[in-house]
Each structure stands twice: as structure tokens, then as C-alpha cells.
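J.: Following this line is target.csv, made up of CSV, C-alpha atoms:
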```csv
chain,number,residue,atom,x,y,z
A,41,MET,CA,24.6,16.7,-1.1
A,42,LYS,CA,27.2,15.2,-3.4
A,43,SER,CA,27.3,16.3,-7.0
A,44,GLY,CA,27.4,14.0,-10.0
A,45,GLN,CA,25.1,11.4,-8.5
A,46,THR,CA,22.5,9.4,-10.5
A,47,VAL,CA,19.0,8.5,-9.6
A,48,PHE,CA,20.3,5.2,-8.3
A,49,ASP,CA,22.7,6.9,-5.9
A,50,MET,CA,19.8,8.9,-4.4
A,51,VAL,CA,18.0,5.8,-3.1
A,52,GLY,CA,18.1,5.4,0.7
A,53,GLY,CA,19.9,7.5,3.3
A,54,THR,CA,16.6,9.2,4.2
A,55,PRO,CA,16.1,11.5,7.1
A,56,LEU,CA,14.7,10.3,10.4
A,57,LEU,CA,12.0,12.8,11.5
A,58,ARG,CA,10.9,13.4,15.0
A,59,LEU,CA,7.2,14.0,15.5
A,60,PRO,CA,7.1,16.6,18.3
A,61,SER,CA,3.5,17.6,18.1
A,62,ILE,CA,2.3,14.0,18.3
A,63,GLU,CA,4.9,13.2,21.0
A,64,ARG,CA,3.3,15.8,23.2
A,65,GLU,CA,0.6,13.3,24.0
A,66,LEU,CA,3.2,11.0,25.4
A,67,ASN,CA,5.1,10.7,28.7
A,68,GLY,CA,8.8,10.4,27.9
A,69,VAL,CA,8.4,8.1,24.9
A,70,GLU,CA,10.2,9.3,21.8
A,71,LEU,CA,8.5,8.9,18.4
A,72,TYR,CA,10.4,9.0,15.1
A,73,ALA,CA,9.5,8.3,11.5
A,74,LYS,CA,11.8,7.3,8.6
A,75,ALA,CA,11.0,9.7,5.8
A,76,GLU,CA,11.0,7.3,2.9
A,77,TYR,CA,9.2,9.9,0.7
A,78,PHE,CA,12.6,11.5,0.3
A,79,ASN,CA,13.6,8.6,-2.1
A,80,PRO,CA,13.9,9.7,-5.7
A,81,THR,CA,10.5,8.5,-6.9
A,82,GLY,CA,8.8,9.5,-3.6
A,83,SER,CA,8.4,6.1,-1.9
A,84,VAL,CA,10.1,3.4,0.2
A,85,LYS,CA,9.8,1.1,-2.8
A,86,ASP,CA,12.8,2.6,-4.5
A,87,ARG,CA,14.9,0.6,-2.1
A,88,ALA,CA,13.4,-2.7,-3.1
A,89,ALA,CA,13.2,-1.9,-6.8
A,90,LYS,CA,16.9,-0.9,-6.9
A,91,ALA,CA,18.0,-4.0,-5.0
A,92,MET,CA,16.0,-6.4,-7.1
A,93,ILE,CA,17.1,-4.8,-10.4
A,94,LEU,CA,20.8,-4.8,-9.4
A,95,ASP,CA,20.5,-8.4,-8.1
A,96,GLY,CA,19.0,-9.4,-11.5
A,97,ILE,CA,21.9,-7.7,-13.4
A,98,ALA,CA,24.5,-9.3,-11.1
A,99,CYS,CA,23.1,-12.8,-11.5
A,100,GLY,CA,22.7,-12.4,-15.3
A,101,ALA,CA,18.9,-12.8,-15.2
A,102,LEU,CA,18.3,-9.2,-16.3
A,103,THR,CA,19.7,-8.4,-19.8
A,104,HIS,CA,18.7,-5.7,-22.2
A,105,ASP,CA,16.6,-8.0,-24.4
A,106,LYS,CA,14.3,-8.6,-21.4
A,107,THR,CA,11.4,-6.6,-20.1
A,108,ILE,CA,11.2,-6.1,-16.3
A,109,ILE,CA,7.7,-7.2,-15.3
A,110,ASP,CA,6.0,-7.3,-11.9
A,111,ALA,CA,2.7,-7.0,-10.1
A,112,THR,CA,2.3,-3.8,-8.1
A,113,SER,CA,-0.3,-1.7,-6.5
A,114,GLY,CA,1.5,1.5,-7.4
A,115,ASN,CA,4.7,2.5,-5.7
A,116,THR,CA,6.9,-0.4,-6.8
A,117,GLY,CA,5.7,0.1,-10.3
A,118,ILE,CA,6.7,3.8,-10.3
A,119,ALA,CA,10.1,2.8,-8.8
A,120,TYR,CA,10.7,0.1,-11.5
A,121,ALA,CA,9.6,2.4,-14.2
A,122,ALA,CA,12.0,5.2,-13.1
A,123,LEU,CA,15.0,3.0,-12.4
A,124,GLY,CA,14.3,0.9,-15.5
A,125,ALA,CA,14.3,4.1,-17.6
A,126,ALA,CA,17.6,5.3,-16.0
A,127,LEU,CA,19.3,2.1,-17.1
A,128,GLY,CA,17.5,1.7,-20.4
A,129,TYR,CA,15.4,-1.4,-19.6
A,130,LYS,CA,11.8,-1.8,-20.8
A,131,VAL,CA,9.3,-2.1,-18.0
A,132,ALA,CA,5.8,-3.7,-17.9
A,133,LEU,CA,3.6,-3.5,-14.9
A,134,CYS,CA,0.5,-5.5,-13.9
A,135,LEU,CA,-1.8,-3.4,-11.7
A,136,PRO,CA,-5.4,-3.4,-10.8
A,137,ALA,CA,-7.5,-1.2,-13.1
A,138,ASN,CA,-8.8,0.8,-10.2
A,139,ALA,CA,-5.3,2.3,-9.5
A,140,THR,CA,-5.7,6.1,-9.9
A,141,GLU,CA,-5.0,7.9,-13.1
A,142,GLU,CA,-2.2,9.9,-11.5
A,143,ARG,CA,-0.3,6.7,-10.7
A,144,LYS,CA,-0.8,5.2,-14.2
A,145,LYS,CA,0.3,8.5,-15.7
A,146,LEU,CA,3.5,8.6,-13.7
A,147,MET,CA,4.4,5.0,-14.8
A,148,ARG,CA,3.7,5.9,-18.5
A,149,LEU,CA,5.8,9.1,-18.2
A,150,TYR,CA,8.8,6.9,-17.3
A,151,GLY,CA,8.0,4.8,-20.4
A,152,ALA,CA,6.5,1.8,-18.7
A,153,GLU,CA,3.7,-0.4,-20.3
A,154,ILE,CA,0.7,-0.9,-18.0
A,155,ILE,CA,-1.3,-4.1,-18.0
A,156,GLU,CA,-4.5,-3.5,-16.2
A,157,THR,CA,-6.1,-6.4,-14.2
A,158,ASP,CA,-9.5,-7.1,-12.7
A,159,PRO,CA,-10.2,-4.4,-10.1
A,160,LEU,CA,-12.4,-6.9,-8.1
A,161,GLU,CA,-9.4,-9.1,-7.5
A,162,SER,CA,-7.2,-6.1,-6.2
A,163,SER,CA,-3.5,-6.8,-5.9
A,164,ASP,CA,-4.0,-10.6,-5.9
A,165,GLY,CA,-5.5,-10.3,-9.4
A,166,ALA,CA,-2.4,-8.3,-10.6
A,167,TYR,CA,-0.1,-11.0,-9.1
A,168,ASN,CA,-1.9,-13.9,-10.8
A,169,GLU,CA,-2.0,-12.1,-14.2
A,170,CYS,CA,1.7,-11.3,-13.9
A,171,ARG,CA,2.5,-15.0,-13.2
A,172,ARG,CA,0.3,-16.1,-16.1
A,173,LEU,CA,2.1,-13.7,-18.6
A,174,VAL,CA,5.6,-14.8,-17.4
A,175,ALA,CA,4.6,-18.5,-17.6
A,176,GLU,CA,3.4,-17.9,-21.2
A,177,HIS,CA,6.6,-16.2,-22.4
A,178,PRO,CA,9.3,-16.7,-19.9
A,179,GLU,CA,12.0,-15.8,-22.4
A,180,GLN,CA,10.7,-12.2,-22.8
A,181,TYR,CA,10.7,-11.2,-19.1
A,182,PHE,CA,12.8,-10.5,-16.1
A,183,TYR,CA,10.3,-11.1,-13.3
A,184,PRO,CA,11.7,-10.0,-9.9
A,185,ASP,CA,8.5,-11.1,-8.1
A,186,GLN,CA,8.7,-8.6,-5.3
A,187,TYR,CA,6.5,-10.8,-3.1
A,188,ASN,CA,8.9,-13.7,-3.1
A,189,ASN,CA,12.3,-12.0,-3.8
A,190,ASP,CA,14.8,-12.0,-0.9
A,191,ALA,CA,16.6,-9.0,-2.4
A,192,ASN,CA,13.4,-7.0,-1.4
A,193,TRP,CA,13.7,-7.5,2.3
A,194,LYS,CA,17.5,-7.6,2.2
A,195,ALA,CA,17.5,-4.0,0.9
A,196,HIS,CA,16.0,-3.1,4.3
A,197,PHE,CA,18.2,-5.4,6.3
A,198,GLU,CA,21.3,-3.8,4.9
A,199,GLY,CA,19.9,-0.3,4.4
A,200,THR,CA,16.9,0.9,6.4
A,201,ALA,CA,17.7,-1.0,9.6
A,202,VAL,CA,21.3,0.2,9.7
A,203,GLU,CA,20.3,3.8,9.0
A,204,ILE,CA,17.7,3.7,11.9
A,205,TRP,CA,20.3,2.1,14.2
A,206,GLU,CA,22.7,4.9,13.5
A,207,GLN,CA,20.2,7.7,13.4
A,208,THR,CA,18.8,6.8,16.8
A,209,ALA,CA,22.4,6.5,18.2
A,210,HIS,CA,21.6,2.8,18.9
A,211,ARG,CA,18.7,3.8,21.2
A,212,VAL,CA,15.7,2.4,19.1
A,213,THR,CA,13.5,0.0,21.2
A,214,HIS,CA,10.5,-0.6,18.9
A,215,PHE,CA,10.0,-0.7,15.1
A,216,VAL,CA,6.5,-0.4,13.8
A,217,ALA,CA,5.4,-1.0,10.2
A,218,GLY,CA,2.6,-2.4,8.0
A,219,THR,CA,3.0,-4.8,5.2
A,220,GLY,CA,2.3,-4.9,1.4
A,221,THR,CA,4.9,-7.3,0.2
A,222,SER,CA,6.3,-7.1,3.7
A,223,GLY,CA,9.8,-6.3,2.5
A,224,THR,CA,10.1,-3.2,4.7
A,225,PHE,CA,8.7,-4.9,7.8
A,226,MET,CA,10.7,-8.1,7.4
A,227,GLY,CA,14.1,-6.6,6.4
A,228,THR,CA,14.1,-3.8,8.9
A,229,SER,CA,12.9,-6.0,11.7
A,230,ARG,CA,15.5,-8.7,11.0
A,231,GLY,CA,18.2,-6.0,10.6
A,232,LEU,CA,17.4,-4.3,13.9
A,233,LYS,CA,17.1,-7.5,15.8
A,234,HIS,CA,20.5,-8.6,14.3
A,235,LEU,CA,22.0,-5.3,15.7
A,236,ASN,CA,20.2,-5.7,19.1
A,237,PRO,CA,18.0,-8.7,19.8
A,238,GLU,CA,16.1,-6.7,22.4
A,239,ILE,CA,14.4,-4.5,19.8
A,240,LYS,CA,10.7,-5.3,19.4
A,241,SER,CA,9.1,-5.6,16.0
A,242,VAL,CA,5.5,-4.4,15.8
A,243,LEU,CA,3.2,-5.4,12.9
A,244,MET,CA,0.5,-3.0,11.8
A,245,GLN,CA,-2.5,-4.6,10.1
A,246,PRO,CA,-5.7,-3.2,8.6
A,247,ASP,CA,-8.6,-4.0,10.8
A,248,SER,CA,-10.7,-5.5,8.0
A,249,PRO,CA,-10.3,-7.4,4.7
A,250,PHE,CA,-12.0,-4.4,3.0
A,251,HIS,CA,-10.1,-1.3,3.9
A,252,GLY,CA,-8.6,1.9,2.5
A,253,LEU,CA,-5.1,1.5,3.7
A,254,GLU,CA,-3.7,1.7,0.2
A,255,GLY,CA,-0.9,-0.7,-0.5
A,256,MET,CA,-1.3,-2.5,2.8
A,257,LYS,CA,-2.3,-6.2,2.7
A,258,HIS,CA,-4.7,-7.8,5.1
A,259,MET,CA,-2.6,-11.0,5.4
A,260,GLU,CA,-5.4,-13.3,6.6
A,261,SER,CA,-7.6,-12.7,3.6
A,262,THR,CA,-5.1,-12.4,0.8
A,263,ILE,CA,-2.2,-14.3,-0.9
A,264,LYS,CA,0.6,-14.4,1.7
A,265,PRO,CA,3.9,-13.2,0.3
A,266,GLY,CA,6.6,-15.8,0.3
A,267,ILE,CA,9.0,-13.4,2.1
A,268,PHE,CA,6.5,-12.8,5.0
A,269,ASP,CA,7.0,-14.6,8.3
A,270,ASP,CA,4.8,-13.2,11.0
A,271,SER,CA,6.7,-15.1,13.7
A,272,ILE,CA,9.1,-12.2,13.7
A,273,ALA,CA,6.4,-9.8,15.0
A,274,ASP,CA,6.5,-9.4,18.8
A,275,ILE,CA,3.3,-7.3,18.8
A,276,LYS,CA,0.5,-6.9,16.3
A,277,LEU,CA,-1.7,-3.8,16.2
A,278,GLU,CA,-4.8,-3.2,14.1
A,279,VAL,CA,-5.6,0.2,12.6
A,280,SER,CA,-8.9,1.2,11.0
A,281,THR,CA,-9.1,3.2,7.7
A,282,ASP,CA,-10.7,6.1,9.6
A,283,GLU,CA,-7.9,6.1,12.2
A,284,ALA,CA,-5.3,6.2,9.3
A,285,TYR,CA,-7.2,9.0,7.6
A,286,ALA,CA,-7.3,11.1,10.8
A,287,MET,CA,-3.6,10.6,11.4
A,288,THR,CA,-2.7,11.4,7.8
A,289,ARG,CA,-4.5,14.7,8.1
A,290,ARG,CA,-2.9,15.4,11.5
A,291,LEU,CA,0.6,14.8,10.1
A,292,VAL,CA,0.2,17.5,7.5
A,293,ARG,CA,-1.6,20.0,9.7
A,294,GLU,CA,0.6,19.6,12.9
A,295,GLU,CA,3.9,18.3,11.6
A,296,ALA,CA,3.9,19.7,8.1
A,297,VAL,CA,4.5,16.1,6.9
A,298,LEU,CA,2.5,15.4,3.7
A,299,VAL,CA,2.4,11.6,3.3
A,300,GLY,CA,0.1,8.9,2.1
A,301,ILE,CA,-2.5,6.8,4.0
A,302,SER,CA,-0.3,3.9,4.8
A,303,SER,CA,2.1,6.3,6.5
A,304,GLY,CA,-0.8,7.6,8.6
A,305,ALA,CA,-1.7,4.1,9.5
A,306,ASN,CA,1.9,3.4,10.6
A,307,VAL,CA,2.0,6.5,12.8
A,308,ALA,CA,-1.4,5.7,14.2
A,309,ALA,CA,-0.1,2.3,15.2
A,310,ALA,CA,3.1,3.8,16.6
A,311,LEU,CA,1.0,6.2,18.8
A,312,LYS,CA,-1.2,3.4,20.1
A,313,LEU,CA,1.9,1.4,21.0
A,314,ALA,CA,3.6,4.5,22.5
A,315,LYS,CA,0.8,5.0,25.0
A,316,THR,CA,1.5,1.5,26.4
A,317,LEU,CA,5.3,1.9,26.8
A,318,PRO,CA,7.4,3.2,29.7
A,319,PRO,CA,9.4,6.5,29.4
A,320,GLY,CA,12.7,6.2,27.6
A,321,SER,CA,11.2,4.0,24.9
A,322,VAL,CA,12.2,5.0,21.4
A,323,ILE,CA,9.8,4.1,18.6
A,324,VAL,CA,10.6,4.3,14.9
A,325,THR,CA,8.0,3.9,12.2
A,326,VAL,CA,8.0,4.4,8.4
A,327,LEU,CA,6.5,7.2,6.2
A,328,CYS,CA,6.1,5.0,3.1
A,329,ASP,CA,5.3,7.6,0.4
A,330,ASN,CA,4.6,11.2,-0.5
A,331,GLY,CA,1.1,12.6,0.0
A,332,ASN,CA,1.2,14.4,-3.4
A,333,ARG,CA,0.2,11.1,-4.9
A,334,TYR,CA,-3.2,11.2,-3.1
A,335,LEU,CA,-4.3,14.8,-3.4
A,336,SER,CA,-7.4,13.8,-5.5
A,337,GLU,CA,-8.7,11.7,-2.6
A,338,GLU,CA,-11.6,13.0,-0.5
A,339,PHE,CA,-10.4,12.1,2.9
A,340,TRP,CA,-8.3,15.3,3.2
A,341,GLU,CA,-11.4,17.4,3.4
A,342,GLU,CA,-13.0,15.9,6.4
B,245,MET,CA,-35.7,-3.5,-11.8
B,246,SER,CA,-33.2,-6.2,-11.6
B,247,VAL,CA,-29.5,-5.3,-11.6
B,248,THR,CA,-26.2,-7.2,-10.9
B,249,ILE,CA,-23.8,-6.1,-8.2
B,250,LEU,CA,-20.2,-7.4,-8.6
B,251,ILE,CA,-18.5,-8.1,-5.3
B,252,PRO,CA,-14.7,-7.7,-4.8
B,253,THR,CA,-12.9,-10.6,-3.3
B,254,ALA,CA,-12.3,-8.6,-0.1
B,255,LEU,CA,-16.1,-8.4,0.6
B,256,ARG,CA,-17.1,-11.9,-0.5
B,257,SER,CA,-16.9,-13.2,3.1
B,258,PHE,CA,-19.9,-10.9,3.9
B,259,VAL,CA,-22.1,-12.2,1.0
B,260,ASP,CA,-21.8,-16.0,1.3
B,261,ARG,CA,-18.7,-16.1,-0.9
B,262,LYS,CA,-20.6,-14.9,-3.9
B,263,SER,CA,-18.8,-12.9,-6.7
B,264,GLU,CA,-22.1,-11.3,-7.8
B,265,VAL,CA,-25.5,-10.7,-6.4
B,266,GLU,CA,-28.7,-10.0,-8.3
B,267,THR,CA,-30.9,-7.3,-6.6
B,268,GLU,CA,-33.5,-4.7,-7.4
B,269,GLY,CA,-33.2,-0.9,-7.6
B,270,SER,CA,-33.8,2.0,-9.8
B,271,THR,CA,-30.8,4.0,-8.4
B,272,VAL,CA,-27.4,2.9,-7.0
B,273,GLY,CA,-28.6,3.9,-3.5
B,274,GLU,CA,-31.7,1.7,-3.8
B,275,ALA,CA,-29.7,-1.3,-5.1
B,276,LEU,CA,-27.1,-1.0,-2.4
B,277,ALA,CA,-29.8,-0.6,0.3
B,278,ASN,CA,-31.4,-3.8,-0.9
B,279,LEU,CA,-28.0,-5.5,-1.0
B,280,THR,CA,-27.1,-4.5,2.5
B,281,ALA,CA,-30.6,-5.4,3.8
B,282,GLN,CA,-30.0,-8.9,2.4
B,283,TYR,CA,-26.5,-9.0,3.9
B,284,PRO,CA,-26.5,-6.8,7.0
B,285,ASP,CA,-22.8,-7.4,7.9
B,286,LEU,CA,-21.9,-5.7,4.6
B,287,LYS,CA,-23.3,-2.4,5.6
B,288,ARG,CA,-20.6,-1.3,8.0
B,289,GLN,CA,-18.0,-2.3,5.4
B,290,ILE,CA,-19.2,0.1,2.7
B,291,TYR,CA,-21.3,2.8,4.4
B,292,GLU,CA,-19.9,5.7,6.5
B,293,ASN,CA,-23.4,6.3,7.8
B,294,ASP,CA,-27.0,5.9,6.6
B,295,THR,CA,-26.6,8.2,3.6
B,296,ALA,CA,-22.9,8.1,2.5
B,297,LEU,CA,-20.4,5.6,1.4
B,298,ARG,CA,-17.0,5.4,3.1
B,299,GLY,CA,-14.4,7.6,1.4
B,300,PHE,CA,-12.3,4.8,-0.2
B,301,VAL,CA,-15.3,2.9,-1.6
B,302,ASN,CA,-15.8,3.5,-5.3
B,303,VAL,CA,-18.9,2.3,-7.2
B,304,PHE,CA,-19.0,2.0,-10.9
B,305,VAL,CA,-22.1,1.6,-13.1
B,306,ASP,CA,-21.4,0.0,-16.4
B,307,GLY,CA,-17.8,1.4,-16.1
B,308,THR,CA,-18.6,4.9,-14.9
B,309,ASN,CA,-17.7,6.0,-11.3
B,310,ILE,CA,-20.8,7.3,-9.7
B,311,LYS,CA,-18.8,10.1,-8.0
B,312,LYS,CA,-18.5,11.6,-11.5
B,313,VAL,CA,-22.3,11.5,-12.1
B,314,ASN,CA,-25.0,11.6,-9.5
B,315,GLY,CA,-23.5,9.6,-6.7
B,316,LEU,CA,-26.0,7.3,-4.9
B,317,ASP,CA,-28.8,8.9,-6.9
B,318,THR,CA,-27.3,7.7,-10.2
B,319,PRO,CA,-30.1,5.9,-12.1
B,320,LEU,CA,-29.9,2.2,-13.0
B,321,ALA,CA,-31.3,0.7,-16.2
B,322,ALA,CA,-32.7,-2.8,-16.1
B,323,GLY,CA,-29.8,-5.3,-16.3
B,324,ALA,CA,-27.2,-2.7,-15.3
B,325,THR,CA,-23.9,-3.9,-13.7
B,326,VAL,CA,-22.8,-2.2,-10.5
B,327,MET,CA,-19.2,-2.8,-9.3
B,328,ILE,CA,-17.9,-2.1,-5.8
B,329,VAL,CA,-14.1,-1.6,-5.6
B,330,PRO,CA,-11.8,-0.1,-3.0
B,331,ALA,CA,-9.3,2.6,-3.9
B,332,ILE,CA,-5.8,1.2,-4.2
B,333,ALA,CA,-2.3,2.5,-4.5
B,334,GLY,CA,0.8,2.8,-2.3
B,335,GLY,CA,2.8,-0.1,-0.8
B,336,CYS,CA,5.3,-0.6,1.9
```
Will you turn the file into C-alpha cells for me?

T.:
Amino acid sequence: MKSGQTVFDMVGGTPLLRLPSIERELNGVELYAKAEYFNPTGSVKDRAAKAMILDGIACGALTHDKTIIDATSGNTGIAYAALGAALGYKVALCLPANATEERKKLMRLYGAEIIETDPLESSDGAYNECRRLVAEHPEQYFYPDQYNNDANWKAHFEGTAVEIWEQTAHRVTHFVAGTGTSGTFMGTSRGLKHLNPEIKSVLMQPDSPFHGLEGMKHMESTIKPGIFDDSIADIKLEVSTDEAYAMTRRLVREEAVLVGISSGANVAAALKLAKTLPPGSVIVTVLCDNGNRYLSEEFWEE
Amino acid sequence: MSVTILIPTALRSFVDRKSEVETEGSTVGEALANLTAQYPDLKRQIYENDTALRGFVNVFVDGTNIKKVNGLDTPLAAGATVMIVPAIAGGC
């Protein structure tokens, strides 16, 4: 580890973990997971938040008289709050009121203002409220709009995809991920296909509009992000909340990997896919965030 | 007694697109049982089995999470508002 780095320098460059215990179920298929919880605030969203903030500064849209504002279900908010604090920007976050207290507390610790939105409307409610506030006072805010900002997916095109390519010694054959804003899925898929057009992109989706895959969007029943284009997906796989819970517990007990529910969903989808592939296939998925953020939830006990 | 159940957008396709439903019940469990009897497809969405809600389903009565009081046995006053919301966080 280099010395003298700032929080900004610590974003990205995450380890690629092998999952040997889960791989034992498979016949010659290799299973890897990009450990995004190693990012400085503990989630993959540090990549997008950093890219969107730096893009805003570079194009002159983000100045110190502006407040960074966006809609978030949690991880992006924590990333904006931390990176904003590191550069001395004010941060305001629209998030559904049913976000957990731990998450709100983290955002406030970094100095962010929280605007709670209708819990019945979930992340779409936060999105609509954020747009309303920005439309009312456009001069007060820098609104990256993570659902529609190309810097979001490009962070993964230039970062995550290249890292996976190098870390698998160019052997990766399949990339599996779910979607919130879809930045991770779109950017990494495009980046890997740019490096090798044969690589297959696999979209994980919740199996129902009402689900517990936190941070994951059920695209058919919610506002579709502008950056999302499902034509890039070669394969689509559905995962139930119960399957994701079971895999999240299994990851900590068998692999000593403590991650959140969306990570469990991604690995569950990767395992389903792996069972259909020939030996020699190399699957990579994403561990989106740290499980410490979910310790108060009940599913760990089952 | 009559109570109002607020339905999150993600569940409205199971209740004829309604944002709220009036039903009867003296406890949360009774009110939700009446609601799911009226809209049977809803049951699998919110119940783990006949007696327990799914882990990520939170129910609030007049702003209080029933997990912090008496769960499905939490009593309802006439005119109470019951809100069903999923846990949320994370992002990818």
C-alpha cells in the first residue's frame, strides 16, 4: 500500500476473490467475485460517486457555492457524503424514509443533509423528490443524477472492467451483476466486451416487484434509468429474496466473506449460471457492499 | 373496526392498483389476514408462511414498526393507519 494517499486515491483497485467452497459444487468452472467492499466507504458506489464528482469539477458544474444533491437508496449517498466531505463540498441526499438508521447516521457523520421521501414510493419517490428540488432551485445544486449520468457507467468501463480483465489474466468468459442505477452492470459489461467481444454479460434481476434485494431495481416495474440498456445482456437470470439471503449467509459461513444482500443475489445468480456452463468457463460477479451495514437485519439468524 | 392499509407502489399490481385499502381488524395480523383474503395474490408477497411475515417486510402502525412492539399481535385502534414497506439500502 502506498503512503500519502487520500480517500480519493483508495477508490477502485479492489481484490478479485476466488470462492473455493462454492466452486466445489462445480465441474471445472471458476467462480470469482470483485470485492467492492474494499472501497473506502465500503461499497462499489465509491467508483461512480468519485467519477461523477470529478466530472462535475472538470466541466465547471460543481463549484464550492453548490450543494451536491442526488437520490440514493444508501450506498451512493454514503459515497457522496464521504467524498464530498474530503473535498469540502456540502452534500444533500434524498432517500426513502425507510432506509435504516445506521445508513442515515453514516451519512450525517460525514456531514450530509438527509431529505427523507415517501417510503411507499421507494427509490422512485427519492428520485422524483430530488428532481423537484433541483427544478425549484437549480442555482443551489450540483445534481449528478446517477441514474442518467454517463460518468457513472464509464467509471466501470475504465476501471472495474479493466481490473477484471487483468486479474483473470484475460480469461474471464462471463460477467454477472444486478442493477440499481445499472452503472456497474452497463460499464463493466461494455468494458469487457470492448476488450473481448466473446465475453457474455449476465443480468441478475429480482424475481418480483416487491423484494428484499436491497438497492436492486426490478426494471419492469420501476423508473428505468437512462443509462440502462438491457440489449447488452446476453442472459437474464432471476433470483428470489430467499435465495439471496441463503447465499449471503453461506458466503460469511463458508468463505468468510461478510457482504450485503445484493452481493448474495449476484453470487446466487453466478452459481445458477455456472451449473449450466462447460468446464473452463471463468465467471466474475460483484460483491457490492460490506455486510456490516446490514447486521441489524433478521435474515442472518435463519 | 375499520382501518386503512397503505400499499407501496411495488405491491399495487396485486391490489387493483390501489394506493390504500380499507379493511377490518383489531390487530395487525387480523387486518393483514383480511387484506390478503380479499387479494389472495398478495399473500405470497408479504407472508413467509401462515404465521410470519417475510424478513424484509416492515409494517408500521401510525409510524411505529410493529417489530418494536407486539408484531402481528399489535392492537389497532379504529381509524388506524397501517403501512407496508420493504427494507431498502444498498445499490450496485

J.: Name all residues at most 12 Å from B:Gly307 (count all atoms listed in the file; drop same-chain ones fewer than 6 positions away) and give them as an MDAnalysis selection string.

T.: (chainID A and resid 137:138 159) or (chainID B and resid 250 313 324:329)

J.: Please save C-alpha atoms of the selected residues as an mmCIF file, in the frame of the given file.

T.:
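Dumped everything to part-v9.cif:
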```
data_model
loop_
_atom_site.group_PDB
_atom_site.id
_atom_site.type_symbol
_atom_site.label_atom_id
_atom_site.label_comp_id
_atom_site.auth_asym_id
_atom_site.auth_seq_id
_atom_site.Cartn_x
_atom_site.Cartn_y
_atom_site.Cartn_z
ATOM 1 C CA ALA A 137 -7.500 -1.200 -13.100
ATOM 2 C CA ASN A 138 -8.800 0.800 -10.200
ATOM 3 C CA PRO A 159 -10.200 -4.400 -10.100
ATOM 4 C CA LEU B 250 -20.200 -7.400 -8.600
ATOM 5 C CA VAL B 313 -22.300 11.500 -12.100
ATOM 6 C CA ALA B 324 -27.200 -2.700 -15.300
ATOM 7 C CA THR B 325 -23.900 -3.900 -13.700
ATOM 8 C CA VAL B 326 -22.800 -2.200 -10.500
ATOM 9 C CA MET B 327 -19.200 -2.800 -9.300
ATOM 10 C CA ILE B 328 -17.900 -2.100 -5.800
ATOM 11 C CA VAL B 329 -14.100 -1.600 -5.600
#
```

J.: Contacts between chain A and chain B, please, where a residue of chain B counts if it comes within 10 Å (with only C-alpha atoms); show its shortest atom pair and distance in Å to one decimal, rows by chain and ascending number, as a tab-separated table.

T.:
```
residue	atom	partner	partner_atom	distance
B:Leu250	CA	A:Leu160	CA	7.8
B:Ile251	CA	A:Leu160	CA	6.8
B:Pro252	CA	A:Leu160	CA	4.1
B:Thr253	CA	A:Glu161	CA	5.7
B:Ala254	CA	A:Phe250	CA	5.2
B:Leu255	CA	A:Phe250	CA	6.2
B:Arg256	CA	A:Pro249	CA	9.7
B:Ser257	CA	A:Pro249	CA	8.9
B:Ser263	CA	A:Leu160	CA	8.9
B:Gln289	CA	A:Phe250	CA	6.8
B:Ile290	CA	A:Phe250	CA	8.5
B:Glu292	CA	A:Asp282	CA	9.7
B:Arg298	CA	A:Asp282	CA	9.1
B:Gly299	CA	A:Phe339	CA	6.2
B:Phe300	CA	A:Gly252	CA	5.4
B:Val301	CA	A:Gly252	CA	7.9
B:Asn302	CA	A:Asn138	CA	9.0
B:Met327	CA	A:Leu160	CA	8.0
B:Ile328	CA	A:Leu160	CA	7.7
B:Val329	CA	A:Leu160	CA	6.1
B:Pro330	CA	A:Gly252	CA	6.7
B:Ala331	CA	A:Gly252	CA	6.5
B:Ile332	CA	A:Glu254	CA	4.9
B:Ala333	CA	A:Gly114	CA	4.9
B:Gly334	CA	A:Gly255	CA	4.3
B:Gly335	CA	A:Gly255	CA	3.8
B:Cys336	CA	A:Gly220	CA	5.3
```

J.: Could you state the separation of atom CA of A:His234 and atom CA of A:Asn192 in Å, given to one decimal place?

T.: 17.3 Å

J.: Between atom CA of A:Ile62 and atom CA of A:Pro237, what is the distance, to one decimal in Å?

T.: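 That distance, rounded to one decimal, is 27.6 Å.
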
J.: So that I can see what lies close to B:Gly269, please list as a PyMOL selection string the residues with an atom at most 6 Å from it, counting only C-alpha atoms and leaving out residues fewer than 3 positions away in the same chain.

T.: chain B and resi 245+274-275

J.: Residues of the last selection are to be written out with C-alpha atoms, as an mmCIF file, keeping the file's coordinate frame.

T.:
```cif
data_model
loop_
_atom_site.group_PDB
_atom_site.id
_atom_site.type_symbol
_atom_site.label_atom_id
_atom_site.label_comp_id
_atom_site.auth_asym_id
_atom_site.auth_seq_id
_atom_site.Cartn_x
_atom_site.Cartn_y
_atom_site.Cartn_z
ATOM 1 C CA MET B 245 -35.700 -3.500 -11.800
ATOM 2 C CA GLU B 274 -31.700 1.700 -3.800
ATOM 3 C CA ALA B 275 -29.700 -1.300 -5.100
#
```

J.: Of the candidates B:Asp285, B:Ile249, B:Val305, B:Asp294, which shows the shortest atom-to-atom distance to B:Glu268, using only C-alpha atoms?

T.: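 Using only C-alpha atoms, the shortest distance to B:Glu268 belongs to B:Ile249.
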
J.: Just how far from atom CA of B:Thr318 is atom CA of B:Val265, in Å to one decimal?

T.: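 It comes out at 18.9 Å.
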
J.: Using only C-alpha atoms, pick whichever of A:Asp86, A:Glu260, A:Glu283, A:Asp95 has the shortest atom-to-atom distance to A:Gly52.

T.: A:Asp86
